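A.B. asks: Pasting input10.cif here (mmCIF, C-alpha atoms):
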data_protein
loop_
_atom_site.label_atom_id
_atom_site.label_comp_id
_atom_site.auth_asym_id
_atom_site.auth_seq_id
_atom_site.Cartn_x
_atom_site.Cartn_y
_atom_site.Cartn_z
CA MET A 76 176.84 59.36 21.74
CA ALA A 77 175.43 56.77 19.34
CA THR A 78 171.65 56.76 19.03
CA ASP A 79 169.36 54.16 17.46
CA VAL A 80 166.93 56.39 15.53
CA PHE A 81 167.44 59.61 13.60
CA THR A 82 164.30 61.76 13.60
CA PRO A 83 163.19 64.81 11.60
CA ASP A 84 163.34 66.80 14.86
CA ALA A 85 166.96 65.74 15.34
CA LEU A 86 167.73 66.88 11.79
CA ARG A 87 166.08 70.26 12.42
CA ARG A 88 168.17 70.72 15.56
CA ILE A 89 171.39 69.78 13.79
CA LEU A 90 170.61 72.03 10.81
CA LEU A 91 170.08 74.97 13.14
CA GLU A 92 173.23 74.22 15.14
CA ALA A 93 175.37 73.66 12.05
CA ALA A 94 174.24 76.51 9.84
CA GLY A 95 171.31 78.40 11.31
CA ALA A 96 168.27 79.07 9.18
CA ASP A 97 167.18 81.50 6.53
CA GLU A 98 164.71 83.92 8.13
CA ALA A 99 162.27 83.23 5.29
CA VAL A 100 162.18 79.50 6.06
CA ASP A 101 160.11 77.98 8.85
CA LEU A 102 161.94 74.78 9.82
CA ASP A 103 159.06 73.94 12.16
CA GLY A 104 156.73 73.67 9.18
CA ASP A 105 156.33 70.75 6.80
CA ILE A 106 159.80 70.69 5.26
CA LEU A 107 160.37 66.96 4.85
CA ASP A 108 159.92 66.94 1.07
CA THR A 109 161.45 70.35 0.35
CA ASP A 110 164.88 70.42 -1.31
CA PHE A 111 167.66 71.58 0.97
CA THR A 112 168.53 74.33 -1.52
CA ALA A 113 164.97 75.70 -1.31
CA LEU A 114 165.41 75.73 2.48
CA GLY A 115 168.54 77.87 2.05
CA TYR A 116 171.12 75.17 2.79
CA GLU A 117 174.03 75.01 0.37
CA SER A 118 176.77 72.37 0.15
CA LEU A 119 179.06 73.74 2.87
CA ALA A 120 176.23 73.91 5.42
CA LEU A 121 175.10 70.42 4.47
CA LEU A 122 178.62 69.03 4.78
CA GLU A 123 178.76 70.44 8.31
CA THR A 124 175.34 68.92 9.01
CA VAL A 125 176.45 65.49 7.76
CA GLY A 126 179.61 65.72 9.87
CA ARG A 127 177.56 66.45 12.97
CA ILE A 128 175.21 63.54 12.22
CA GLU A 129 178.20 61.21 11.85
CA ARG A 130 179.72 62.32 15.15
CA GLU A 131 176.51 62.39 17.15
CA TYR A 132 174.99 59.17 15.82
CA GLY A 133 178.18 57.18 15.30
CA VAL A 134 177.30 56.40 11.69
CA SER A 135 179.49 56.66 8.61
CA LEU A 136 177.97 58.52 5.66
CA ASP A 137 179.81 58.40 2.35
CA ASP A 138 180.59 61.41 0.17
CA ASP A 139 177.59 60.80 -2.08
CA VAL A 140 175.06 61.17 0.73
CA LEU A 141 174.11 64.70 -0.29
CA SER A 142 173.38 63.73 -3.89
CA GLU A 143 171.40 60.72 -2.66
CA ALA A 144 169.43 62.79 -0.16
CA PRO A 145 168.24 66.11 -1.60
CA THR A 146 165.44 66.52 0.98
CA PRO A 147 165.19 66.17 4.75
CA ARG A 148 162.99 63.06 4.40
CA THR A 149 165.51 61.25 2.21
CA LEU A 150 168.38 62.20 4.52
CA VAL A 151 166.51 60.96 7.60
CA ASP A 152 165.66 57.72 5.81
CA LEU A 153 169.24 57.23 4.62
CA VAL A 154 170.69 57.83 8.08
CA ASN A 155 168.21 55.39 9.61
CA GLU A 156 169.13 52.77 6.98
CA ARG A 157 172.80 53.16 7.92
CA LEU A 158 171.99 52.98 11.64
CA SER A 159 169.96 49.83 11.08
CA ALA A 160 172.76 48.23 9.03
CA ALA A 161 175.29 49.10 11.74
CA ARG A 162 173.11 47.44 14.40
CA ALA A 163 172.72 44.32 12.25
CA ALA A 164 176.47 44.00 11.68
#
Could you write out this file's structure as structure tokens?
C.D. replies:
Amino acid sequence: MATDVFTPDALRRILLEAAGADEAVDLDGDILDTDFTALGYESLALLETVGRIEREYGVSLDDDVLSEAPTPRTLVDLVNERLSAARAA
């Protein structure tokens, strides 16, 4: 199912579905500018998260997406940029 906008709430849901959450981290709090590593998400969990975003939103994210997007805010922005480019194409 391709969707037009990727939201922070959608990212929270996908993070929880893909890898769960560290009990010490409150994903409902203000996490947008917190590094994924500080949230307890390592590379394997983030790769699963990116794969789910690609499948659910019908967007292609290159291999460098995780180095380009170290925080939830930057990942949401990057995904929305790719969605916007796909719509314009």
A.B. asks: Suppose a student applies the PyMOL selection byres ((chain A and resi 151-159) around 12) to this structure; what residues should they get, written as a PyMOL selection string?
C.D. replies: chain A and resi 77-87+89+107-108+124-125+128-129+131-137+139-150+160-164
A.B. asks: As an exercise, work out the distance from atom CA of A:Ile106 to atom CA of A:Leu121 in Å and give it to one decimal place.
C.D. replies: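 Atom-to-atom, atom CA of A:Ile106 and atom CA of A:Leu121 are spaced 15.3 Å apart.
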A.B. asks: What separation in Å, quoted to one decimal, exists between atom CA of A:Leu91 and atom CA of A:Asp138?
C.D. replies: 21.5 Å
A.B. asks: One decimal, Å: what's the distance from atom CA of A:Arg127 over to atom CA of A:Asp103, could you say?
C.D. replies: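 Calculated distance between atom CA of A:Arg127 and atom CA of A:Asp103 is 20.0 Å.
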